[in-house]
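Colleague: For reference, the file query_26.txt (compact mmCIF, C-alpha atoms) is included below:
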# COMPACT_ATOMS: atom_id res chain seq x y z
CA MET B 1206 -132.38 88.40 49.69
CA PRO B 1207 -129.51 88.86 52.15
CA ASP B 1208 -129.86 88.42 55.88
CA LYS B 1209 -131.31 91.42 57.68
CA LYS B 1210 -128.40 91.35 60.12
CA THR B 1211 -125.93 91.81 57.27
CA ILE B 1212 -128.00 94.63 55.80
CA LEU B 1213 -128.12 96.44 59.14
CA ARG B 1214 -124.41 96.04 59.73
CA VAL B 1215 -123.52 97.33 56.25
CA ALA B 1216 -125.82 100.31 56.80
CA GLU B 1217 -124.18 100.95 60.17
CA ILE B 1218 -120.70 100.93 58.59
CA LEU B 1219 -121.84 103.33 55.88
CA ILE B 1220 -123.35 105.67 58.45
CA ASP B 1221 -120.19 105.60 60.59
CA GLU B 1222 -117.67 105.95 57.78
CA LEU B 1223 -119.54 108.58 55.80
CA LYS B 1224 -120.58 110.38 58.99
CA LEU B 1225 -124.21 110.47 57.90
CA GLU B 1226 -126.51 112.34 60.24
CA ASP B 1227 -130.16 111.88 61.21
CA ILE B 1228 -130.26 108.28 60.01
CA THR B 1229 -130.00 104.90 61.71
CA PRO B 1230 -129.35 101.44 60.25
CA GLU B 1231 -133.04 100.70 60.69
CA THR B 1232 -134.17 103.80 58.77
CA PHE B 1233 -131.53 103.52 56.04
CA ASN B 1234 -133.25 102.57 52.78
CA PRO B 1235 -131.21 99.52 51.66
CA ASP B 1236 -132.15 100.10 48.02
CA LEU B 1237 -131.01 103.74 47.95
CA ASP B 1238 -128.46 104.16 45.15
CA LEU B 1239 -125.24 105.18 46.91
CA VAL B 1240 -123.82 107.10 43.96
CA ASP B 1241 -126.88 108.59 42.26
CA GLU B 1242 -129.00 109.27 45.33
CA LEU B 1243 -126.60 109.48 48.27
CA GLY B 1244 -123.83 111.10 46.20
CA ILE B 1245 -120.88 109.09 47.46
CA ASP B 1246 -117.67 109.14 45.46
CA SER B 1247 -114.97 106.55 44.81
CA MET B 1248 -112.88 107.57 47.83
CA ASP B 1249 -115.82 107.14 50.19
CA LEU B 1250 -116.69 103.80 48.64
CA THR B 1251 -113.09 102.62 48.95
CA THR B 1252 -113.07 103.58 52.63
CA VAL B 1253 -116.24 101.55 53.19
CA VAL B 1254 -114.77 98.63 51.24
CA LEU B 1255 -111.66 98.59 53.44
CA VAL B 1256 -113.78 98.45 56.57
CA LEU B 1257 -116.02 95.71 55.13
CA GLN B 1258 -112.98 93.64 54.19
CA ASP B 1259 -111.74 93.81 57.77
CA GLU B 1260 -115.12 93.09 59.27
CA TYR B 1261 -115.93 90.05 57.16
CA GLY B 1262 -112.43 88.79 56.33
CA ILE B 1263 -113.09 88.91 52.59
CA THR B 1264 -111.34 90.54 49.63
CA ILE B 1265 -113.30 92.94 47.47
CA ASP B 1266 -111.62 93.55 44.12
CA GLU B 1267 -111.59 97.03 42.62
CA GLU B 1268 -113.36 95.71 39.54
CA ASP B 1269 -116.32 94.73 41.70
CA TYR B 1270 -116.93 98.25 43.03
CA PRO B 1271 -119.63 99.07 40.45
CA LYS B 1272 -121.64 96.12 41.78
CA LEU B 1273 -121.77 97.72 45.23
CA SER B 1274 -124.34 100.35 44.40
CA ASN B 1275 -126.69 99.94 47.35
CA VAL B 1276 -126.80 98.34 50.79
CA THR B 1277 -128.79 95.30 49.65
CA LEU B 1278 -126.32 94.57 46.84
CA ILE B 1279 -123.35 95.03 49.16
CA ALA B 1280 -124.90 92.63 51.69
CA GLU B 1281 -125.58 90.09 48.93
CA TYR B 1282 -122.02 90.45 47.67
CA ILE B 1283 -120.62 89.87 51.17
CA GLU B 1284 -122.75 86.78 51.71
CA GLU B 1285 -121.63 85.35 48.35
CA LYS B 1286 -118.01 85.96 49.25
CA LEU B 1287 -118.49 84.33 52.65
CA LYS B 1288 -119.96 81.24 50.96
CA GLU B 1289 -116.88 81.02 48.71
CA LYS B 1290 -114.53 81.02 51.71
CA MET A 745 -113.84 103.68 39.42
CA ASN A 746 -111.58 102.75 36.60
CA VAL A 747 -112.80 99.26 35.78
CA LYS A 748 -110.57 98.80 32.74
CA HIS A 749 -107.48 99.25 34.85
CA ALA A 750 -108.79 97.74 38.06
CA LYS A 751 -106.22 95.45 39.54
CA THR A 752 -106.23 92.73 42.11
CA ILE A 753 -103.46 93.65 44.50
CA ALA A 754 -101.95 90.72 46.35
CA ALA A 755 -102.77 90.97 50.05
CA LYS A 756 -99.75 91.47 52.28
CA LYS A 757 -99.39 89.43 55.43
CA ASN A 758 -98.19 90.21 58.92
CA GLU A 759 -95.62 88.25 60.93
CA ASP A 760 -98.29 85.74 61.98
CA GLY A 761 -99.12 84.96 58.36
CA ASN A 762 -102.49 86.73 58.53
CA LYS A 763 -103.63 89.31 56.01
CA ILE A 764 -102.84 92.82 57.22
CA LYS A 765 -106.07 94.58 58.13
CA PHE A 766 -106.74 98.19 57.31
CA SER A 767 -107.88 98.70 60.89
CA ASP A 768 -104.45 97.51 62.07
CA ILE A 769 -102.66 99.90 59.73
CA ILE A 770 -104.55 102.90 61.05
CA LYS A 771 -103.94 101.95 64.68
CA ASP A 772 -100.58 103.70 64.40
CA PRO A 773 -101.33 107.16 65.87
CA ALA A 774 -99.30 109.04 63.24
CA ILE A 775 -101.07 107.21 60.41
CA ARG A 776 -104.45 107.61 62.04
CA GLU A 777 -103.96 111.34 62.51
CA ARG A 778 -102.90 111.89 58.89
CA TRP A 779 -105.72 109.66 57.59
CA GLU A 780 -108.31 111.69 59.52
CA LYS A 781 -106.70 114.91 58.27
CA VAL A 782 -106.80 114.03 54.59
CA ARG A 783 -110.12 112.19 54.44
CA LYS A 784 -111.95 115.39 55.33
CA PHE A 785 -111.20 116.44 51.74
CA PHE A 786 -112.67 113.43 49.99
CA PHE A 787 -115.54 115.70 48.98
CA LEU A 788 -113.35 117.42 46.36
CA ARG A 789 -114.56 116.76 42.84
CA GLU A 790 -112.78 118.60 40.08
CA SER A 791 -113.30 119.71 36.56
CA THR A 792 -111.01 121.86 34.45
CA TYR A 793 -111.69 124.87 32.25
CA ASP A 794 -109.74 126.53 29.47
CA MET A 795 -110.41 130.22 30.02
CA THR A 796 -109.01 131.87 26.90
CA ASN A 797 -107.17 130.76 23.81
CA ARG A 798 -104.68 133.62 24.21
CA CYS A 799 -101.35 133.57 26.00
CA ASN A 800 -98.73 136.24 26.55
CA ILE A 801 -95.84 133.85 25.99
CA ARG A 802 -95.35 130.81 23.77
CA CYS A 803 -93.49 127.82 25.21
CA ASP A 804 -91.91 124.85 23.51
CA GLY A 805 -93.90 121.74 24.41
CA CYS A 806 -96.98 123.63 25.64
CA TYR A 807 -99.88 121.18 25.81
CA TYR A 808 -102.49 123.87 25.16
CA TYR A 809 -101.32 124.63 21.64
CA GLU A 810 -101.61 121.00 20.58
CA GLY A 811 -104.73 119.31 19.23
CA GLU A 812 -108.13 120.80 18.51
CA LYS A 813 -108.90 122.67 21.72
CA GLN A 814 -106.76 125.70 20.81
CA PHE A 815 -109.16 126.43 17.92
CA ALA A 816 -112.31 126.59 20.07
CA LYS A 817 -113.97 129.99 19.88
CA GLU A 818 -113.40 132.08 22.99
CA ASN A 819 -116.43 132.83 25.12
CA GLY A 820 -115.65 135.88 27.24
CA THR A 821 -119.13 136.56 28.54
CA PRO A 822 -119.09 136.58 32.36
CA GLU A 823 -122.77 135.70 32.70
CA GLN A 824 -122.40 132.65 30.49
CA TRP A 825 -119.44 131.54 32.56
CA ARG A 826 -121.44 132.13 35.73
CA SER A 827 -124.25 130.01 34.38
CA LEU A 828 -121.82 127.23 33.46
CA VAL A 829 -120.10 127.19 36.86
CA LYS A 830 -123.46 127.26 38.65
CA SER A 831 -124.55 124.22 36.67
CA GLU A 832 -121.24 122.56 37.49
CA ARG A 833 -121.86 123.12 41.19
CA GLU A 834 -125.31 121.65 40.82
CA ARG A 835 -123.95 118.45 39.30
CA GLY A 836 -121.57 118.06 42.24
CA ILE A 837 -118.35 119.75 41.17
CA THR A 838 -116.65 121.25 44.23
CA TYR A 839 -113.27 122.21 42.80
CA VAL A 840 -112.29 124.04 39.60
CA VAL A 841 -108.97 124.13 37.79
CA LEU A 842 -108.71 127.17 35.54
CA ALA A 843 -106.03 126.53 32.98
CA GLY A 844 -105.33 127.20 29.29
CA ALA A 845 -104.10 129.18 27.77
CA GLU A 846 -103.44 131.97 30.31
CA PRO A 847 -106.26 132.70 32.82
CA SER A 848 -104.61 135.89 34.13
CA LEU A 849 -105.65 137.53 30.86
CA VAL A 850 -109.33 137.12 31.81
CA PRO A 851 -109.46 138.08 35.53
CA ARG A 852 -113.19 138.86 35.42
CA LEU A 853 -113.97 135.29 34.36
CA CYS A 854 -111.73 133.94 37.13
CA GLN A 855 -113.62 136.12 39.61
CA VAL A 856 -116.98 134.81 38.41
CA CYS A 857 -115.79 131.21 38.84
CA PHE A 858 -114.54 131.97 42.36
CA GLU A 859 -117.88 133.52 43.31
CA GLU A 860 -119.71 130.33 42.31
CA ILE A 861 -117.23 127.62 43.43
CA PRO A 862 -114.81 128.92 46.08
CA LEU A 863 -112.29 126.08 45.92
CA GLY A 864 -109.93 125.90 43.00
CA CYS A 865 -106.66 126.63 41.37
CA ILE A 866 -105.37 128.71 38.49
CA ALA A 867 -102.48 127.59 36.32
CA SER A 868 -100.59 130.72 35.27
CA ASN A 869 -97.23 131.75 33.89
CA GLY A 870 -97.17 134.47 36.57
CA PHE A 871 -96.42 137.32 34.19
CA LYS A 872 -99.56 139.17 35.15
CA ARG A 873 -100.81 139.23 38.73
CA ILE A 874 -104.27 137.82 39.35
CA PRO A 875 -106.30 140.08 41.69
CA GLU A 876 -106.34 139.07 45.36
CA SER A 877 -110.13 138.88 45.32
CA VAL A 878 -109.76 135.61 43.40
CA GLY A 879 -108.96 133.37 46.35
CA TYR A 880 -107.80 130.30 44.48
CA LYS A 881 -104.42 128.66 44.68
CA ILE A 882 -102.22 129.98 41.88
CA HIS A 883 -99.73 127.63 40.29
CA ILE A 884 -96.93 129.57 38.65
CA SER A 885 -95.02 127.64 36.06
CA VAL A 886 -91.23 127.73 36.12
CA TRP A 887 -89.30 125.95 33.39
CA GLY A 888 -85.70 126.67 34.28
CA ASN A 889 -83.50 129.67 35.02
CA ASP A 890 -83.91 132.98 33.21
CA GLU A 891 -81.57 131.98 30.41
CA THR A 892 -83.59 128.84 29.73
CA SER A 893 -86.89 130.70 30.05
CA LEU A 894 -85.76 133.11 27.40
CA ARG A 895 -84.82 130.27 25.07
CA VAL A 896 -87.76 127.92 25.69
CA ARG A 897 -90.51 130.39 26.53
CA ASN A 898 -89.24 133.54 24.85
CA ALA A 899 -89.74 135.34 28.16
CA LYS A 900 -87.20 137.76 29.64
CA HIS A 901 -86.52 137.84 33.41
CA LEU A 902 -89.49 135.61 33.98
CA LEU A 903 -88.64 134.41 37.50
CA GLU A 904 -87.95 137.95 38.62
CA LYS A 905 -91.38 139.03 37.35
CA GLN A 906 -93.11 136.00 38.85
CA ILE A 907 -91.57 136.70 42.25
CA ARG A 908 -92.40 140.39 42.05
CA ASN A 909 -96.03 139.50 41.38
CA TYR A 910 -96.41 136.76 43.95
CA ALA A 911 -93.81 137.11 46.74
CA GLY A 912 -95.51 136.50 50.09
CA ASP A 913 -98.83 135.63 48.45
CA PRO A 914 -100.34 132.62 50.27
CA ARG A 915 -102.10 131.62 47.06
CA ALA A 916 -98.87 131.09 45.17
CA VAL A 917 -97.15 127.78 44.56
CA PHE A 918 -94.32 127.79 42.06
CA VAL A 919 -94.33 124.66 39.89
CA TYR A 920 -90.94 123.69 38.57
CA THR A 921 -91.17 121.52 35.48
CA PHE A 922 -88.17 119.26 35.11
CA THR A 923 -87.39 118.74 31.45
CA ARG A 924 -84.52 116.72 30.04
CA GLU A 925 -82.58 119.97 29.71
CA ASN A 926 -83.05 121.93 32.92
CA ILE A 927 -82.56 119.46 35.77
CA ASN A 928 -79.67 121.18 37.52
CA GLU A 929 -81.16 124.64 37.09
CA ILE A 930 -83.50 123.91 40.00
CA TYR A 931 -80.58 124.83 42.28
CA ASP A 932 -80.53 128.39 40.85
CA ILE A 933 -84.27 128.64 41.28
CA MET A 934 -84.19 127.39 44.87
CA GLU A 935 -81.51 129.84 45.84
CA VAL A 936 -83.70 132.73 44.72
CA LEU A 937 -87.04 131.35 45.83
CA SER A 938 -85.94 130.25 49.30
CA LYS A 939 -84.84 133.82 50.08
CA GLN A 940 -88.40 134.92 49.36
CA ASP A 941 -89.83 132.08 51.48
CA GLY A 942 -91.66 130.87 48.37
CA LYS A 943 -93.34 127.49 48.11
CA ILE A 944 -92.54 125.20 45.23
CA THR A 945 -93.69 121.85 43.95
CA PHE A 946 -92.37 119.71 41.13
CA ASN A 947 -93.69 118.69 37.75
CA THR A 948 -92.13 116.34 35.24
CA PHE A 949 -92.32 117.35 31.60
CA SER A 950 -94.84 115.10 29.89
CA ALA A 951 -94.69 115.24 26.12
CA PRO A 952 -97.72 116.23 24.08
CA VAL A 953 -98.83 113.61 21.53
CA GLY A 954 -96.32 113.57 18.68
CA TYR A 955 -93.74 115.75 20.47
CA THR A 956 -90.19 114.63 19.76
CA GLY A 957 -88.34 117.72 20.93
CA LYS A 958 -85.44 118.09 23.33
CA LEU A 959 -87.51 118.43 26.47
CA ARG A 960 -88.84 114.87 26.43
CA HIS A 961 -87.37 112.69 29.16
CA ASP A 962 -85.45 109.49 28.73
CA ARG A 963 -84.46 106.92 31.39
CA GLN A 964 -81.24 108.73 32.21
CA SER A 965 -82.88 112.11 32.66
CA LEU A 966 -85.65 110.59 34.79
CA SER A 967 -83.05 109.01 37.00
CA LEU A 968 -81.16 112.28 37.39
CA THR A 969 -84.42 114.12 38.03
CA ARG A 970 -85.21 111.64 40.81
CA LYS A 971 -81.84 112.17 42.51
CA THR A 972 -82.15 115.93 42.17
CA MET A 973 -85.68 116.07 43.55
CA MET A 974 -84.63 114.04 46.61
CA ASP A 975 -81.64 116.30 47.13
CA ILE A 976 -83.76 119.44 46.97
CA LEU A 977 -86.32 117.89 49.32
CA ILE A 978 -83.60 117.45 51.92
CA LYS A 979 -81.98 120.85 51.35
CA TYR A 980 -85.16 122.94 51.30
CA PRO A 981 -87.76 121.19 53.50
CA ASP A 982 -89.55 124.46 54.31
CA ASN A 983 -90.00 125.48 50.70
CA VAL A 984 -90.73 122.26 48.86
CA LEU A 985 -94.22 120.77 48.76
CA PHE A 986 -93.35 117.23 47.74
CA SER A 987 -92.61 113.88 49.37
CA PRO A 988 -90.36 110.92 48.57
CA TYR A 989 -93.36 109.05 47.19
CA ASN A 990 -94.18 111.97 44.90
CA VAL A 991 -90.63 111.66 43.62
CA VAL A 992 -91.15 107.97 42.88
CA ALA A 993 -94.48 108.43 41.13
CA HIS A 994 -93.29 111.27 38.92
CA THR A 995 -89.86 109.98 37.92
CA HIS A 996 -90.62 106.29 37.43
CA SER A 997 -89.63 104.74 34.12
CA SER A 998 -93.31 103.80 33.71
CA SER A 999 -95.90 106.52 33.18
CA LEU A 1000 -98.61 107.35 35.70
CA HIS A 1001 -101.09 105.51 33.51
CA GLU A 1002 -98.97 102.36 33.50
CA LEU A 1003 -98.34 102.54 37.23
CA TYR A 1004 -101.79 103.37 38.49
CA GLY A 1005 -104.25 103.23 35.60
CA CYS A 1006 -105.43 106.72 34.72
CA SER A 1007 -108.87 107.51 36.08
CA TYR A 1008 -109.64 110.45 33.76
CA PRO A 1009 -112.38 109.91 31.15
CA ARG A 1010 -109.98 109.99 28.22
CA MET A 1011 -108.45 106.70 29.40
CA ASN A 1012 -111.28 105.43 31.57
CA PRO A 1013 -114.47 104.22 29.88
CA SER A 1014 -116.35 103.64 33.13
CA THR A 1015 -119.00 106.16 34.15
CA ASP A 1016 -120.00 104.28 37.30
CA ILE A 1017 -118.26 106.37 39.94
CA GLY A 1018 -115.31 108.72 40.42
CA LEU A 1019 -113.56 110.86 37.81
CA GLY A 1020 -114.86 108.77 34.93
CA ARG A 1021 -118.32 109.85 35.95
CA SER A 1022 -117.90 113.44 37.08
CA PHE A 1023 -114.83 114.97 35.42
CA ARG A 1024 -115.15 117.30 32.44
CA GLN A 1025 -112.59 119.39 30.63
CA TYR A 1026 -114.21 122.48 29.14
CA ARG A 1027 -112.82 124.34 26.19
CA THR A 1028 -112.94 128.10 25.77
CA ASP A 1029 -116.27 127.86 23.94
CA LEU A 1030 -117.71 126.07 27.04
CA SER A 1031 -118.06 122.77 25.20
CA TRP A 1032 -116.56 119.49 26.39
CA ASP A 1033 -115.83 116.13 24.88
CA ARG A 1034 -115.69 113.06 27.10
CA SER A 1035 -113.29 111.22 24.83
CA ALA A 1036 -110.71 114.01 25.17
CA SER A 1037 -111.28 114.89 28.82
CA CYS A 1038 -108.31 114.78 31.11
CA CYS A 1039 -106.34 117.28 33.17
CA VAL A 1040 -103.65 117.76 30.51
CA PRO A 1041 -105.39 117.01 27.20
CA ASP A 1042 -103.22 116.11 24.24
CA THR A 1043 -100.48 114.80 26.50
CA ASP A 1044 -99.06 111.46 25.41
CA CYS A 1045 -100.45 109.11 28.09
CA ALA A 1046 -97.44 106.81 27.73
CA ASP A 1047 -95.23 109.72 28.78
CA CYS A 1048 -97.54 111.32 31.35
CA ARG A 1049 -95.88 112.10 34.67
CA HIS A 1050 -97.65 115.42 35.02
CA TYR A 1051 -98.15 116.75 38.55
CA ALA A 1052 -101.81 117.56 37.93
CA ALA A 1053 -102.50 114.07 36.61
CA GLY A 1054 -100.81 112.43 39.58
CA SER A 1055 -102.83 114.53 41.99
CA ALA A 1056 -105.92 112.68 40.86
CA VAL A 1057 -104.54 109.40 39.57
CA VAL A 1058 -102.37 108.47 42.57
CA THR A 1059 -104.82 109.90 45.08
CA ALA A 1060 -107.65 107.80 43.64
CA ARG A 1061 -105.68 104.61 44.32
CA LEU A 1062 -106.32 104.46 48.05
CA TYR A 1063 -107.31 100.78 47.84
CA ARG A 1064 -104.05 99.68 46.25
CA HIS A 1065 -101.97 101.39 48.93
CA ALA A 1066 -103.97 100.14 51.91
CA THR A 1067 -102.05 96.87 51.98
CA ASP A 1068 -99.43 97.63 54.62
CA ALA A 1069 -98.18 100.52 56.73
CA GLU A 1070 -95.34 101.54 54.41
CA SER A 1071 -97.48 101.76 51.26
CA PHE A 1072 -100.23 103.52 53.12
CA LYS A 1073 -97.84 106.07 54.61
CA ALA A 1074 -96.53 106.74 51.10
CA TRP A 1075 -100.07 107.32 49.85
CA LEU A 1076 -100.89 109.59 52.79
CA ASP A 1077 -97.77 111.64 52.08
CA TYR A 1078 -98.85 111.96 48.48
CA VAL A 1079 -102.39 113.07 49.37
CA ASP A 1080 -101.13 115.45 52.06
CA THR A 1081 -98.84 117.02 49.45
CA TYR A 1082 -101.62 117.19 46.88
CA LEU A 1083 -103.92 119.02 49.29
CA ALA A 1084 -101.20 121.49 50.32
CA VAL A 1085 -100.51 122.29 46.68
CA TRP A 1086 -104.12 122.58 45.59
CA VAL A 1087 -106.26 123.71 48.52
CA MET A 1088 -106.05 127.19 50.09
CA GLY A 1089 -105.29 127.05 53.79
CA TYR A 1090 -104.25 123.40 53.89
CA GLU A 1091 -100.85 122.95 55.53
CA LYS A 1092 -98.62 120.03 54.62
CA GLY A 1093 -97.38 117.94 57.52
CA GLU A 1094 -93.98 116.35 57.78
CA SER A 1095 -93.76 113.35 55.46
CA LEU A 1096 -94.42 110.05 57.24
CA LEU A 1097 -91.79 108.35 55.07
CA ASP A 1098 -88.34 109.83 54.68
CA HIS A 1099 -87.36 107.42 51.92
CA MET A 1100 -88.70 106.21 48.58
CA THR A 1101 -90.95 103.19 48.39
CA PRO A 1102 -92.17 101.49 45.21
CA PRO A 1103 -95.68 101.83 43.77
CA PRO A 1104 -97.96 98.82 44.36
CA GLU A 1105 -96.84 95.81 42.26
CA PHE A 1106 -93.89 97.72 40.73
CA ALA A 1107 -90.21 98.10 41.54
CA LEU A 1108 -88.64 101.43 42.40
Can you present the structure in this file as structure tokens?
Modeller:
Amino acid sequence: MPDKKTILRVAEILIDELKLEDITPETFNPDLDLVDELGIDSMDLTTVVLVLQDEYGITIDEEDYPKLSNVTLIAEYIEEKLKEK
Amino acid sequence: MNVKHAKTIAAKKNEDGNKIKFSDIIKDPAIRERWEKVRKFFFLRESTYDMTNRCNIRCDGCYYYEGEKQFAKENGTPEQWRSLVKSERERGITYVVLAGAEPSLVPRLCQVCFEEIPLGCIASNGFKRIPESVGYKIHISVWGNDETSLRVRNAKHLLEKQIRNYAGDPRAVFVYTFTRENINEIYDIMEVLSKQDGKITFNTFSAPVGYTGKLRHDRQSLSLTRKTMMDILIKYPDNVLFSPYNVVAHTHSSSLHELYGCSYPRMNPSTDIGLGRSFRQYRTDLSWDRSASCCVPDTDCADCRHYAAGSAVVTARLYRHATDAESFKAWLDYVDTYLAVWVMGYEKGESLLDHMTPPPEFAL
């Protein structure tokens, strides 16, 4: 399970970049499917990826995008990448 | 996302040897402004629809009259179309492209589509005017001067008729298709069209599967097309909706698929996210087939430089262009052009790059 701080920060980036209203990092369901339930598309996801890369100093390959389907999985992915650094 | 063609793009570094950050790229006010302008349209999700299997002209190299789709039974029932487009809206489609064979022959069906999904475009030969109540962009195909049109499309005084139907119409964008044979004829077209203050964008002839005719490009004709497009861009900046990066993408010796990895279902097995998940290409009987779905079905992917394909394929490659300011400016110019060509009311800004730059990981 990823660190809560990472989860909250990922949720905050998603909220900011996708301009989501009436939701805070604390109320964002980290297991919500971003494509099926939130309805984000590839361009939105790419935008979030670019911001995450900057924030954490990691590289996220295009082929890994399908793994990033919810906040928990994104946070886990980031923590794995940080361990590899 | 197109997993099959996903690429790892080498990170570019700044003068200090550090990886260039996206946040640094968009610190430039001009880039930031254009980025904010175009990203408002990331909600667009398209599908395409063949409206009728009839056409009032017959053109050499027409993609519609290739393959199986031309034999689909025509469904002309407005209520069935309304039901289809409603269901499309419900599954998240926000943009429709009404294409084959000639949508102007079924204006009632176009109207029904517009009433259900108000953003879209109609590909037409411009012979017959589409009623103003259908507020979509209208792309009017031009394949050379009148002499060439008569020979290749069997259509007399086509440009004259197209202009008569659409002069001053904010919906209209003329689409000039450069074939191997008509490259210099663009000058004749521009002379006429610029006097009417018409808007034009460029297409590159992309051969249907198995086509070996005279219109198919070779390296030499692509090179001449590139020079000519750049020349016209400079000479007619107020009329041409294109950018230097559009020129590169659509005249490169490699196809769009080779350069960017096509994201349409026909070439993209992934259904995770993006076009591979949402895009459908409906035939006139309202059926669709994932394995054949792309914006120009039955085009030879190895020869595809089609403007409609690039509008999705290049646009989808944001990640690959967000490596440095020059590449990102090129991508922004491309997306800005795409939106001006396809979305009613969207105005193209001045291109951020005044010169050509290569696609990611390729030479010019």
Colleague: Within 12 Å of B:Asp1241, counting only C-alpha atoms, which residues qualify if same-chain residues fewer than 2 places away don't, as a JSON list (two decimals) with C-alpha atoms, in the frame of the given file?
Modeller:
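Below is the file that was written, out16.json:
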[["chain", "number", "residue", "atom", "x", "y", "z"],
["B", 1236, "ASP", "CA", -132.15, 100.10, 48.02],
["B", 1237, "LEU", "CA", -131.01, 103.74, 47.95],
["B", 1238, "ASP", "CA", -128.46, 104.16, 45.15],
["B", 1239, "LEU", "CA", -125.24, 105.18, 46.91],
["B", 1243, "LEU", "CA", -126.60, 109.48, 48.27],
["B", 1244, "GLY", "CA", -123.83, 111.10, 46.20],
["B", 1245, "ILE", "CA", -120.88, 109.09, 47.46],
["B", 1246, "ASP", "CA", -117.67, 109.14, 45.46],
["B", 1274, "SER", "CA", -124.34, 100.35, 44.40],
["B", 1275, "ASN", "CA", -126.69, 99.94, 47.35],
["A", 835, "ARG", "CA", -123.95, 118.45, 39.30],
["A", 836, "GLY", "CA", -121.57, 118.06, 42.24],
["A", 1015, "THR", "CA", -119.00, 106.16, 34.15],
["A", 1016, "ASP", "CA", -120.00, 104.28, 37.30],
["A", 1017, "ILE", "CA", -118.26, 106.37, 39.94],
["A", 1018, "GLY", "CA", -115.31, 108.72, 40.42],
["A", 1021, "ARG", "CA", -118.32, 109.85, 35.95],
["A", 1022, "SER", "CA", -117.90, 113.44, 37.08]]
Colleague: May I ask for the distance between atom CA of A:Lys943 and atom CA of A:Ser893, given in Å to one decimal place?
Modeller: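 Atom-to-atom, atom CA of A:Lys943 to atom CA of A:Ser893, that is 19.4 Å.
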Colleague: Using all atoms listed in the file, find the one residue out of A:Glu904, A:Glu929, A:Glu780, A:Asp1044 that sits nearest to chain B.
Modeller: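 Comparing A:Glu904, A:Glu929, A:Glu780, A:Asp1044 against chain B, the winner is A:Glu780.
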Colleague: Select all residues from chain B having any atom no more than 7 Å from an atom of chain A (counting all atoms listed in the file, ignoring ligands), output as a ChimeraX atom specification.
Modeller: /B:1240,1246-1248,1251,1255,1259,1266-1268,1271
Colleague: Any idea what the distance is between atom CA of A:Gln1025 and atom CA of A:Thr923?
Modeller: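 It comes out at 25.2 Å.
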Colleague: What does the distance from atom CA of A:Thr1028 to atom CA of A:Val840 come to in Å, to one decimal?
Modeller: 14.4 Å
Colleague: Give me, as a tab-separated table, the closest atom pair and its distance (Å, one decimal) for every residue of stretch 895-930 of chain A within a cut-off of 12 Å of stretch 954-973 of chain A, counting all atoms listed in the file, rows sorted by chain and rising number.
Modeller:
residue	atom	partner	partner_atom	distance
A:Val896	CA	A:Leu959	CA	9.5
A:Tyr920	CA	A:Met973	CA	10.5
A:Thr921	CA	A:Leu959	CA	10.2
A:Phe922	CA	A:Thr969	CA	7.0
A:Thr923	CA	A:Leu959	CA	5.0
A:Arg924	CA	A:Leu959	CA	5.0
A:Glu925	CA	A:Leu959	CA	6.1
A:Asn926	CA	A:Leu959	CA	8.6
A:Ile927	CA	A:Thr969	CA	6.1
A:Asn928	CA	A:Thr972	CA	7.4
A:Glu929	CA	A:Thr972	CA	10.1
A:Ile930	CA	A:Thr972	CA	8.4
Colleague: For A:Lys881, work out the shell of residues within 10 Å, counting only C-alpha atoms and skipping chain neighbours fewer than 3 positions away, then give it as JSON, numbers by chain.
Modeller: {"A": [841, 863, 864, 865, 866, 867, 878, 884, 913, 914, 915, 916, 917, 1084, 1085, 1086, 1087, 1088, 1089]}
Colleague: Here's a test: counting only C-alpha atoms, identify every protein, DNA and RNA residue with an atom at most 10 Å from (-99.6, 114.9, 38.8) in the file's coordinate frame, and state them as number ranges by chain.
Modeller: A: 946-948, 990, 993-994, 1000, 1039-1040, 1048-1059, 1082
Colleague: Go ahead and save the residues from that selection, with C-alpha atoms, as a tab-separated table (two decimals), keeping the file's coordinate frame.
Modeller:
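Writing the result to again_6.tsv gives the following:
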chain	number	residue	atom	x	y	z
A	946	PHE	CA	-92.37	119.71	41.13
A	947	ASN	CA	-93.69	118.69	37.75
A	948	THR	CA	-92.13	116.34	35.24
A	990	ASN	CA	-94.18	111.97	44.90
A	993	ALA	CA	-94.48	108.43	41.13
A	994	HIS	CA	-93.29	111.27	38.92
A	1000	LEU	CA	-98.61	107.35	35.70
A	1039	CYS	CA	-106.34	117.28	33.17
A	1040	VAL	CA	-103.65	117.76	30.51
A	1048	CYS	CA	-97.54	111.32	31.35
A	1049	ARG	CA	-95.88	112.10	34.67
A	1050	HIS	CA	-97.65	115.42	35.02
A	1051	TYR	CA	-98.15	116.75	38.55
A	1052	ALA	CA	-101.81	117.56	37.93
A	1053	ALA	CA	-102.50	114.07	36.61
A	1054	GLY	CA	-100.81	112.43	39.58
A	1055	SER	CA	-102.83	114.53	41.99
A	1056	ALA	CA	-105.92	112.68	40.86
A	1057	VAL	CA	-104.54	109.40	39.57
A	1058	VAL	CA	-102.37	108.47	42.57
A	1059	THR	CA	-104.82	109.90	45.08
A	1082	TYR	CA	-101.62	117.19	46.88
Colleague: Can you list, as a list in words, every protein, DNA or RNA residue that comes within 8 Å of B:Ile1212 when you count all atoms listed in the file, leaving out same-chain residues fewer than 2 positions away?
Modeller: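 Counting all atoms listed in the file, the residues come to Pro1207, Asp1208, Lys1209, Lys1210, Arg1214, Val1215, Ala1216, Pro1235, Val1276, Thr1277 and Ala1280 of chain B.
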Colleague: Hey, which of A:Ile874, A:Cys857, A:Ile933, A:Ile944 ends up closest to A:Asp890? Count all atoms listed in the file.
Modeller: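 The closest residue to A:Asp890 is A:Ile933.
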